[in-house]
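File shown: final_0.cif. Contents: mmCIF, C-alpha atoms.
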```cif
data_target
#
loop_
_atom_site.label_atom_id
_atom_site.label_comp_id
_atom_site.auth_asym_id
_atom_site.auth_seq_id
_atom_site.Cartn_x
_atom_site.Cartn_y
_atom_site.Cartn_z
CA MET A 272 271.62 36.89 -100.75
CA ALA A 273 269.50 39.64 -99.31
CA ASN A 274 271.16 42.83 -98.32
CA ASN A 275 271.38 43.62 -94.60
CA TRP A 276 271.81 47.13 -93.33
CA TRP A 277 273.82 48.14 -90.30
CA GLY A 278 274.24 51.50 -88.73
CA ASP A 279 272.43 54.77 -88.60
CA TRP A 280 273.06 57.81 -90.73
CA ARG A 281 270.93 60.32 -88.88
CA PRO A 282 273.18 63.09 -87.55
CA SER A 283 270.95 63.63 -84.50
CA LEU A 284 272.12 60.30 -83.00
CA PRO A 285 275.62 59.84 -81.56
CA ALA A 286 277.78 57.69 -83.74
CA HIS A 287 279.20 54.42 -82.44
CA THR A 288 282.96 54.30 -82.11
CA GLY A 289 285.40 51.71 -80.79
CA ASN A 290 284.58 48.16 -79.82
CA LEU A 291 281.03 46.87 -79.52
CA GLN A 292 279.55 47.54 -76.10
CA PRO A 293 276.49 45.91 -74.51
CA THR A 294 274.80 49.33 -74.41
CA ASP A 295 275.31 50.02 -78.13
CA LEU A 296 272.26 50.21 -80.37
CA ILE A 297 272.49 48.95 -83.90
CA GLU A 298 269.84 49.90 -86.35
CA CYS A 299 268.78 47.41 -88.99
CA THR A 300 266.52 48.43 -91.84
CA SER A 301 264.58 46.08 -94.05
CA ILE A 302 262.34 46.87 -97.03
CA VAL A 303 258.95 45.31 -96.40
CA GLY A 304 256.29 45.86 -99.03
CA GLY A 305 258.39 48.64 -100.54
CA LEU A 306 258.65 50.49 -97.22
CA PRO A 307 261.63 50.74 -94.89
CA VAL A 308 261.15 49.02 -91.51
CA ASN A 309 263.74 49.79 -88.80
CA THR A 310 264.71 47.41 -86.03
CA ALA A 311 267.11 48.34 -83.21
CA ILE A 312 269.13 45.56 -81.65
CA THR A 313 271.53 45.91 -78.76
CA GLY A 314 275.17 44.99 -78.32
CA THR A 315 274.08 42.64 -75.55
CA GLN A 316 271.97 40.63 -77.99
CA ILE A 317 274.88 40.20 -80.38
CA ILE A 318 277.34 39.25 -77.63
CA ALA A 319 274.92 36.66 -76.23
CA ALA A 320 274.39 35.15 -79.66
CA ALA A 321 278.09 34.96 -80.48
CA SER A 322 279.71 31.53 -80.84
CA GLY A 323 280.32 29.88 -77.48
CA GLY A 324 277.82 32.01 -75.61
CA SER A 325 278.67 33.76 -72.41
CA ALA A 326 281.29 32.45 -69.99
CA VAL A 327 280.16 30.48 -66.95
CA TRP A 328 282.28 31.29 -63.97
CA GLY A 329 283.39 28.37 -61.83
CA ALA A 330 282.85 25.68 -64.45
CA ILE A 331 285.32 24.41 -67.04
CA THR A 332 283.79 22.22 -69.70
CA GLY A 333 285.59 19.02 -70.63
CA THR A 334 287.69 16.66 -68.56
CA LEU A 335 290.18 18.19 -66.12
CA SER A 336 292.84 15.57 -66.86
CA ALA A 337 292.60 16.51 -70.54
CA GLN A 338 293.57 20.09 -69.67
CA THR A 339 297.21 19.17 -69.95
CA ASP A 340 298.68 22.62 -69.35
CA LEU A 341 296.58 23.13 -66.25
CA GLN A 342 297.23 19.63 -64.96
CA THR A 343 300.97 20.06 -65.45
CA ALA A 344 300.84 23.27 -63.47
CA LEU A 345 298.83 21.61 -60.71
CA ASP A 346 301.27 18.70 -60.55
CA THR A 347 304.12 21.07 -59.71
CA LYS A 348 302.38 22.40 -56.66
CA PRO A 349 303.58 21.15 -53.28
CA THR A 350 301.56 18.40 -51.73
CA ASN A 351 299.61 20.53 -49.33
CA LYS A 352 296.72 18.19 -50.00
CA LEU A 353 298.35 15.62 -47.76
CA THR A 354 297.48 15.53 -44.13
CA PRO A 355 299.89 17.68 -42.15
CA ILE A 356 299.65 15.42 -39.12
CA GLY A 357 302.59 13.09 -38.72
CA THR A 358 302.71 9.65 -37.21
CA ASN A 359 303.53 9.04 -33.59
CA ILE A 360 307.15 8.09 -32.94
CA THR A 361 307.68 5.90 -29.92
CA GLY A 362 309.66 2.90 -28.78
CA THR A 363 312.99 4.23 -30.02
CA THR A 364 315.57 6.85 -29.26
CA ALA A 365 316.70 7.01 -32.88
CA LEU A 366 315.85 10.06 -34.92
CA SER A 367 312.79 8.98 -36.93
CA ILE A 368 310.57 10.52 -39.58
CA SER A 369 307.13 11.51 -38.35
CA ALA A 370 306.02 13.30 -41.52
CA SER A 371 307.29 14.33 -44.94
CA ALA A 372 306.31 16.88 -47.55
CA LEU A 373 307.07 16.37 -51.22
CA LEU A 374 308.67 19.15 -53.20
CA PRO A 375 308.04 17.81 -56.73
CA ALA A 376 310.79 17.88 -59.33
CA ASN A 377 311.07 21.22 -61.11
CA THR A 378 308.95 23.07 -58.56
CA LEU A 379 312.04 25.17 -58.00
CA VAL A 380 312.59 26.84 -61.34
CA VAL A 381 316.01 27.87 -62.63
CA GLY A 382 316.05 31.64 -63.00
CA LYS A 383 313.13 32.11 -60.64
CA PRO A 384 314.26 32.59 -57.03
CA CYS A 385 311.77 32.00 -54.26
CA MET A 386 311.38 31.62 -50.54
CA ILE A 387 310.29 28.37 -48.92
CA HIS A 388 308.69 28.67 -45.52
CA LEU A 389 308.66 25.60 -43.32
CA LYS A 390 306.78 25.61 -40.09
CA ALA A 391 305.95 22.88 -37.67
CA ARG A 392 304.86 22.10 -34.21
CA GLY A 393 305.95 19.15 -32.17
CA LEU A 394 303.68 17.48 -29.69
CA ARG A 395 304.34 15.33 -26.71
CA ILE A 396 301.79 12.53 -26.85
CA GLY A 397 300.89 10.78 -23.64
CA VAL A 398 301.22 11.58 -19.99
CA SER A 399 304.96 11.63 -19.37
CA ALA A 400 305.49 15.24 -18.41
CA LEU A 401 309.22 14.58 -18.05
CA ALA A 402 309.65 13.75 -21.72
CA VAL A 403 312.47 15.43 -23.61
CA ILE A 404 311.77 15.29 -27.33
CA THR A 405 313.62 16.93 -30.21
CA PHE A 406 311.72 17.79 -33.36
CA GLY A 407 313.70 18.36 -36.53
CA MET A 408 313.49 19.44 -40.15
CA TYR A 409 315.61 17.90 -42.90
CA ARG A 410 315.60 17.65 -46.64
CA ASN A 411 316.57 14.75 -48.83
CA THR A 412 315.85 13.25 -52.24
CA SER A 413 313.97 10.37 -50.64
CA VAL A 414 311.91 9.84 -47.52
CA SER A 415 314.95 8.76 -45.56
CA THR A 416 317.09 10.41 -42.94
CA THR A 417 320.22 8.74 -44.34
CA GLY A 418 322.38 11.48 -45.84
CA ALA A 419 319.70 14.11 -45.21
CA THR A 420 320.61 17.76 -44.87
CA PHE A 421 319.74 19.18 -41.48
CA ILE A 422 317.60 22.33 -41.58
CA GLY A 423 316.76 22.96 -37.95
CA SER A 424 315.26 21.63 -34.77
CA ASN A 425 313.67 22.49 -31.49
CA THR A 426 313.38 20.58 -28.23
CA ILE A 427 310.68 20.32 -25.63
CA THR A 428 311.80 19.71 -22.11
CA ALA A 429 310.12 18.48 -18.98
CA GLY A 430 306.67 19.86 -18.41
CA VAL A 431 306.20 21.12 -21.95
CA LYS A 432 303.46 19.73 -24.14
CA MET A 433 304.02 21.48 -27.45
CA ILE A 434 306.62 23.54 -29.25
CA GLN A 435 306.57 25.43 -32.55
CA PHE A 436 309.39 26.39 -34.88
CA GLU A 437 309.95 27.68 -38.39
CA ARG A 438 312.66 28.04 -41.01
CA HIS A 439 312.98 30.05 -44.21
CA LEU A 440 314.93 28.66 -47.15
CA PHE A 441 315.90 30.81 -50.11
CA TRP A 442 316.17 29.17 -53.54
CA ASP A 443 318.68 31.25 -55.49
CA GLY A 444 317.27 30.28 -58.87
CA ALA A 445 320.51 28.56 -59.80
CA GLY A 446 321.30 25.50 -57.70
CA LYS A 447 321.56 26.38 -54.04
CA ILE A 448 319.39 26.79 -50.99
CA GLY A 449 320.40 29.49 -48.55
CA ALA A 450 319.41 29.29 -44.91
CA VAL A 451 320.50 29.79 -41.36
CA PRO A 452 322.65 26.72 -40.67
CA GLY A 453 320.91 23.92 -38.82
CA ALA A 454 320.48 24.76 -35.17
CA THR A 455 318.04 24.55 -32.30
CA LEU A 456 315.95 27.69 -32.66
CA ASN A 457 312.32 28.66 -32.45
CA SER A 458 312.68 30.84 -35.51
CA ASP A 459 315.29 32.05 -37.95
CA MET A 460 313.50 35.40 -38.10
CA ALA A 461 316.14 37.15 -36.05
CA ASN A 462 318.89 39.67 -36.64
CA ASN A 463 322.47 38.83 -37.43
CA LEU A 464 322.17 35.07 -37.68
CA SER A 465 324.79 33.34 -39.79
CA TYR A 466 323.83 32.22 -43.29
CA SER A 467 325.08 29.47 -45.55
CA GLU A 468 324.19 27.79 -48.83
CA THR A 469 323.80 24.12 -49.68
CA ILE A 470 323.47 22.37 -53.02
CA ILE A 471 320.06 21.13 -54.14
CA ASN A 472 319.00 19.42 -57.36
CA PRO A 473 315.65 20.93 -58.37
CA ALA A 474 315.19 18.50 -61.27
CA VAL A 475 314.38 15.59 -58.95
CA ASN A 476 311.84 15.10 -56.21
CA ASN A 477 312.96 16.56 -52.91
CA TYR A 478 311.33 15.92 -49.57
CA PHE A 479 311.15 17.95 -46.42
CA LEU A 480 311.37 15.55 -43.52
CA TYR A 481 309.95 16.24 -40.09
CA SER A 482 311.61 14.12 -37.45
CA VAL A 483 311.13 13.14 -33.84
CA THR A 484 313.86 12.05 -31.45
CA CYS A 485 312.74 10.89 -28.03
CA ALA A 486 315.32 10.91 -25.24
CA ASN A 487 313.43 8.01 -23.68
CA ALA A 488 312.06 5.22 -25.83
CA LEU A 489 308.92 5.11 -23.71
CA ASP A 490 307.96 8.62 -24.75
CA THR A 491 305.92 9.51 -27.83
CA GLY A 492 306.28 12.49 -30.10
CA GLN A 493 304.41 13.66 -33.15
CA ILE A 494 305.05 16.52 -35.52
CA GLN A 495 302.62 18.56 -37.56
CA TRP A 496 303.91 20.61 -40.43
CA GLY A 497 303.22 23.36 -42.88
CA LEU A 498 304.92 24.30 -46.13
CA ASN A 499 304.58 27.43 -48.18
CA ILE A 500 306.48 28.51 -51.27
CA LEU A 501 306.56 32.22 -51.96
CA TYR A 502 307.62 33.25 -55.44
CA ALA A 503 309.02 36.67 -56.07
CA MET B 22 340.73 9.93 -40.51
CA LEU B 23 338.73 10.59 -43.63
CA ASN B 24 337.60 14.14 -44.05
CA THR B 25 335.60 13.70 -47.24
CA PHE B 26 332.79 11.41 -48.29
CA THR B 27 330.40 11.16 -51.21
CA TYR B 28 326.70 10.47 -50.99
CA ASN B 29 324.05 10.73 -53.70
CA GLY B 30 326.64 12.12 -56.08
CA ILE B 31 327.66 15.00 -53.83
CA GLU B 32 331.12 15.14 -52.28
CA TYR B 33 331.17 16.47 -48.76
CA THR B 34 334.18 17.76 -46.87
CA ILE B 35 333.96 17.59 -43.11
CA THR B 36 334.55 21.08 -41.81
CA GLY B 37 333.38 21.06 -38.21
CA ALA B 38 331.79 19.25 -35.35
CA ILE B 39 330.50 15.71 -35.29
CA GLU B 40 327.52 15.31 -32.98
CA VAL B 41 326.06 12.04 -31.81
CA ILE B 42 322.30 12.01 -32.39
CA SER B 43 321.55 8.47 -31.37
CA ASP B 44 323.23 5.07 -31.14
CA THR B 45 323.30 4.86 -34.94
CA GLN B 46 323.18 8.45 -36.18
CA LEU B 47 325.53 11.42 -36.34
CA HIS B 48 325.31 15.02 -37.42
CA ILE B 49 328.41 15.95 -39.40
CA GLU B 50 329.18 19.55 -40.25
CA THR B 51 330.38 19.76 -43.87
CA ASP B 52 331.02 22.31 -46.57
CA ASN B 53 327.49 21.57 -47.81
CA GLY B 54 325.53 21.82 -44.61
CA ILE B 55 325.03 19.54 -41.64
CA ILE B 56 324.45 16.00 -42.87
CA LEU B 57 322.78 13.18 -40.98
CA VAL B 58 325.05 10.18 -41.28
CA ASP B 59 323.86 6.79 -40.09
CA ASP B 60 325.29 3.34 -39.71
CA THR B 61 324.32 2.37 -43.25
CA MET B 62 326.91 4.79 -44.67
CA ASP B 63 330.57 3.93 -45.08
CA ILE B 64 331.65 7.21 -43.53
CA TYR B 65 329.85 6.28 -40.32
CA LYS B 66 331.90 3.13 -40.04
CA GLU B 67 335.08 5.03 -40.78
CA LEU B 68 334.37 7.61 -38.13
CA THR B 69 333.28 5.17 -35.47
CA ASN B 70 335.68 2.39 -36.38
CA GLY B 71 332.60 0.19 -36.50
#
```
Could you quickly redo this structure as structure tokens?
Amino acid sequence: MANNWWGDWRPSLPAHTGNLQPTDLIECTSIVGGLPVNTAITGTQIIAAASGGSAVWGAITGTLSAQTDLQTALDTKPTNKLTPIGTNITGTTALSISASALLPANTLVVGKPCMIHLKARGLRIGVSALAVITFGMYRNTSVSTTGATFIGSNTITAGVKMIQFERHLFWDGAGKIGAVPGATLNSDMANNLSYSETIINPAVNNYFLYSVTCANALDTGQIQWGLNILYA
Amino acid sequence: MLNTFTYNGIEYTITGAIEVISDTQLHIETDNGIILVDDTMDIYKELTNG
């Protein structure tokens, strides 16, 4: 194998130290016909020629579903890819689900407290300006109001077309959700509200349910929702 | 009258008000939050004598 030379021994040139940098110059000397021939190559040339080449931002080679770690992480994200517009509820005075948001199993991580921000707006659909419609938030382990835990609500009264409300839930990182107890409020962002905790099982799917209750079965209500999970 | 019930493996103790939400639904204040109870649950029948 032929000998390759690396480096420069002339004291007039600054010596290279530390890791290879794109601006480094590396002197290679070959003996051609009994005479030394010098060639300077740059750090950039070596980096570009290294195995794998340079990174391409915005493109991951391979199949996304084969990226198991990444896919697992994506699967734990809330379903904000679903449409946030609920179905119209009409023809009943029973509390009914207009929309739901999945909180996948193990999204809430033991030992990792976080805040869950729920926000929604309720709409009166149709022309009945006298409609009285209550919009609610619940959580349950299925898309069912049966046995659901009440989070909060707000009510539009005659002449009102739309109402907005929000709630903040605090996952304690152990097994409970803390919140202002269910009540009719625009927002729980207020001073000196009472606070209580309820049990939640983070190892199973949980759902946030957005409900509509029409005082008159002829009225129509719809809820639109948002969900955000803020980790510490 | 019963003051406890179990649903989905959680035992609830009724601690406060019972509010009628609709012809078939109640809000019941318990030691684990306000629970929506409907006419498919035994506790609903107990409370309403239905």
What's the 12 Å shell around Asp44 of chain B, counting all atoms listed in the file, without same-chain residues fewer than 4 positions away, as a PyMOL selection string? (chain A and resi 363-366+484+486) or (chain B and resi 40+48+58-60+65+69+71)
Okay, now the selection with C-alpha atoms, as a compact mmCIF listing (two decimals), in the frame of the given file?
```
# COMPACT_ATOMS: atom_id res chain seq x y z
CA THR A 363 312.99 4.23 -30.02
CA THR A 364 315.57 6.85 -29.26
CA ALA A 365 316.70 7.01 -32.88
CA LEU A 366 315.85 10.06 -34.92
CA THR A 484 313.86 12.05 -31.45
CA ALA A 486 315.32 10.91 -25.24
CA GLU B 40 327.52 15.31 -32.98
CA HIS B 48 325.31 15.02 -37.42
CA VAL B 58 325.05 10.18 -41.28
CA ASP B 59 323.86 6.79 -40.09
CA ASP B 60 325.29 3.34 -39.71
CA TYR B 65 329.85 6.28 -40.32
CA THR B 69 333.28 5.17 -35.47
CA GLY B 71 332.60 0.19 -36.50
```
Contact check, chain B to chain A, at most 9 Å, counting only C-alpha atoms, closest pairs as a Markdown table:
```
| residue | atom | partner | partner_atom | distance |
| --- | --- | --- | --- | --- |
| B:Tyr28 | CA | A:Gly418 | CA | 6.8 |
| B:Asn29 | CA | A:Gly418 | CA | 8.1 |
| B:Ile31 | CA | A:Ile470 | CA | 8.5 |
| B:Ile42 | CA | A:Leu366 | CA | 7.2 |
| B:Ser43 | CA | A:Ala365 | CA | 5.3 |
| B:Asp44 | CA | A:Ala365 | CA | 7.0 |
| B:Thr45 | CA | A:Ala365 | CA | 7.2 |
| B:Gln46 | CA | A:Ala365 | CA | 7.4 |
| B:His48 | CA | A:Phe421 | CA | 8.1 |
| B:Asp52 | CA | A:Thr469 | CA | 8.1 |
| B:Asn53 | CA | A:Thr469 | CA | 4.9 |
| B:Gly54 | CA | A:Thr469 | CA | 5.8 |
| B:Ile55 | CA | A:Phe421 | CA | 5.3 |
| B:Ile56 | CA | A:Thr420 | CA | 4.7 |
| B:Leu57 | CA | A:Gly418 | CA | 5.2 |
| B:Val58 | CA | A:Gly418 | CA | 5.4 |
| B:Asp59 | CA | A:Thr417 | CA | 5.9 |
| B:Asp60 | CA | A:Thr417 | CA | 8.7 |
| B:Thr61 | CA | A:Thr417 | CA | 7.7 |
| B:Met62 | CA | A:Thr417 | CA | 7.8 |
```
Residues as selected, C-alpha atoms, written as a PDB file, in the frame of the given file, can you do that?
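As a result, selection21.pdb now contains:
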```
ATOM      1  CA  TYR B  28     326.700  10.470 -50.990  1.00  0.00           C
ATOM      2  CA  ASN B  29     324.050  10.730 -53.700  1.00  0.00           C
ATOM      3  CA  ILE B  31     327.660  15.000 -53.830  1.00  0.00           C
ATOM      4  CA  ILE B  42     322.300  12.010 -32.390  1.00  0.00           C
ATOM      5  CA  SER B  43     321.550   8.470 -31.370  1.00  0.00           C
ATOM      6  CA  ASP B  44     323.230   5.070 -31.140  1.00  0.00           C
ATOM      7  CA  THR B  45     323.300   4.860 -34.940  1.00  0.00           C
ATOM      8  CA  GLN B  46     323.180   8.450 -36.180  1.00  0.00           C
ATOM      9  CA  HIS B  48     325.310  15.020 -37.420  1.00  0.00           C
ATOM     10  CA  ASP B  52     331.020  22.310 -46.570  1.00  0.00           C
ATOM     11  CA  ASN B  53     327.490  21.570 -47.810  1.00  0.00           C
ATOM     12  CA  GLY B  54     325.530  21.820 -44.610  1.00  0.00           C
ATOM     13  CA  ILE B  55     325.030  19.540 -41.640  1.00  0.00           C
ATOM     14  CA  ILE B  56     324.450  16.000 -42.870  1.00  0.00           C
ATOM     15  CA  LEU B  57     322.780  13.180 -40.980  1.00  0.00           C
ATOM     16  CA  VAL B  58     325.050  10.180 -41.280  1.00  0.00           C
ATOM     17  CA  ASP B  59     323.860   6.790 -40.090  1.00  0.00           C
ATOM     18  CA  ASP B  60     325.290   3.340 -39.710  1.00  0.00           C
ATOM     19  CA  THR B  61     324.320   2.370 -43.250  1.00  0.00           C
ATOM     20  CA  MET B  62     326.910   4.790 -44.670  1.00  0.00           C
TER      21      MET B  62
END
```
For this structure, which residues satisfy the selection - the PyMOL selection byres ((chain A and resi 317) around 12) - when it is evaluated on the file as given? I want them as a PyMOL selection string. chain A and resi 291-297+311-316+318-322+324-325
Give as a ChimeraX atom specification the residues that the PyMOL selection byres ((chain A and resi 441) around 7) matches when applied to the coordinates above. /A:385-387,439-440,442-443,448-450
I would like the residues chosen by the PyMOL selection byres ((chain A and resi 497) around 9) on the shown file; could you give them as a ChimeraX atom specification? /A:351,355,372,388-392,495-496,498-499
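Atom to atom, atom CA of Asn487 of chain A and atom CA of Leu401 of chain A stand 9.6 Å apart.
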Pick from A:Thr334, A:Asn472, A:Thr339, A:Ser482 nearest to Gly30 of chain B, counting all atoms listed in the file: A:Asn472
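Atom CA of Val403 of chain A lies 13.8 Å from atom CA of Thr455 of chain A.
The two atoms in question, atom CA of Val398 of chain A and atom CA of Val483 of chain A, are spaced 17.1 Å apart.
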Can you tell me, as JSON, the centre and edge lengths (Å, one decimal) of the axis-aligned box enclosing all of segment 58-71 of chain B's listed atoms after padding each side by 3 Å?
```
{"center_x": 329.8, "center_y": 5.2, "center_z": -40.3, "size_x": 17.8, "size_y": 16.0, "size_z": 15.6}
```
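Summary of the local environment: counting only C-alpha atoms, residues at most 10 Å from Thr310 of chain A, other than itself and those fewer than 3 positions away along its chain, are Leu296, Ile297, Glu298, Cys299, Thr300, Ser301 and Pro307 of chain A.
Checking A:Ser413, A:Thr491, A:Asn377, A:Asn425 one by one against Ala344 of chain A, counting all atoms listed in the file, you find the shortest gap at A:Asn377.
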Atoms kept (N, CA and C atoms) for segment 48-59 of chain B, as a CSV table (one decimal), in the first residue's frame:
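Writing done, so here's result_9.csv:
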```csv
chain,number,residue,atom,x,y,z
B,48,HIS,N,-77.1,15.2,36.9
B,48,HIS,CA,-75.7,15.5,37.4
B,48,HIS,C,-75.7,15.1,38.9
B,49,ILE,N,-74.8,14.3,39.3
B,49,ILE,CA,-74.7,13.9,40.7
B,49,ILE,C,-73.3,14.4,41.3
B,50,GLU,N,-73.3,15.1,42.3
B,50,GLU,CA,-72.0,15.6,42.9
B,50,GLU,C,-71.5,14.5,43.8
B,51,THR,N,-70.3,14.0,43.5
B,51,THR,CA,-69.7,12.9,44.3
B,51,THR,C,-68.3,13.3,44.8
B,52,ASP,N,-67.7,12.4,45.5
B,52,ASP,CA,-66.3,12.6,46.0
B,52,ASP,C,-65.3,12.6,44.9
B,53,ASN,N,-65.7,12.2,43.7
B,53,ASN,CA,-64.8,12.2,42.5
B,53,ASN,C,-65.4,13.0,41.4
B,54,GLY,N,-65.9,14.1,41.7
B,54,GLY,CA,-66.4,15.0,40.7
B,54,GLY,C,-67.9,14.9,40.4
B,55,ILE,N,-68.4,15.7,39.5
B,55,ILE,CA,-69.8,15.7,39.2
B,55,ILE,C,-69.9,14.7,38.0
B,56,ILE,N,-70.8,13.7,38.3
B,56,ILE,CA,-70.9,12.6,37.3
B,56,ILE,C,-72.3,12.7,36.6
B,57,LEU,N,-72.2,12.4,35.3
B,57,LEU,CA,-73.5,12.4,34.6
B,57,LEU,C,-74.1,11.0,34.7
B,58,VAL,N,-75.2,10.9,35.3
B,58,VAL,CA,-75.9,9.6,35.5
B,58,VAL,C,-77.1,9.6,34.6
B,59,ASP,N,-77.3,8.5,33.9
B,59,ASP,CA,-78.5,8.4,33.0
B,59,ASP,C,-79.3,7.2,33.3
```
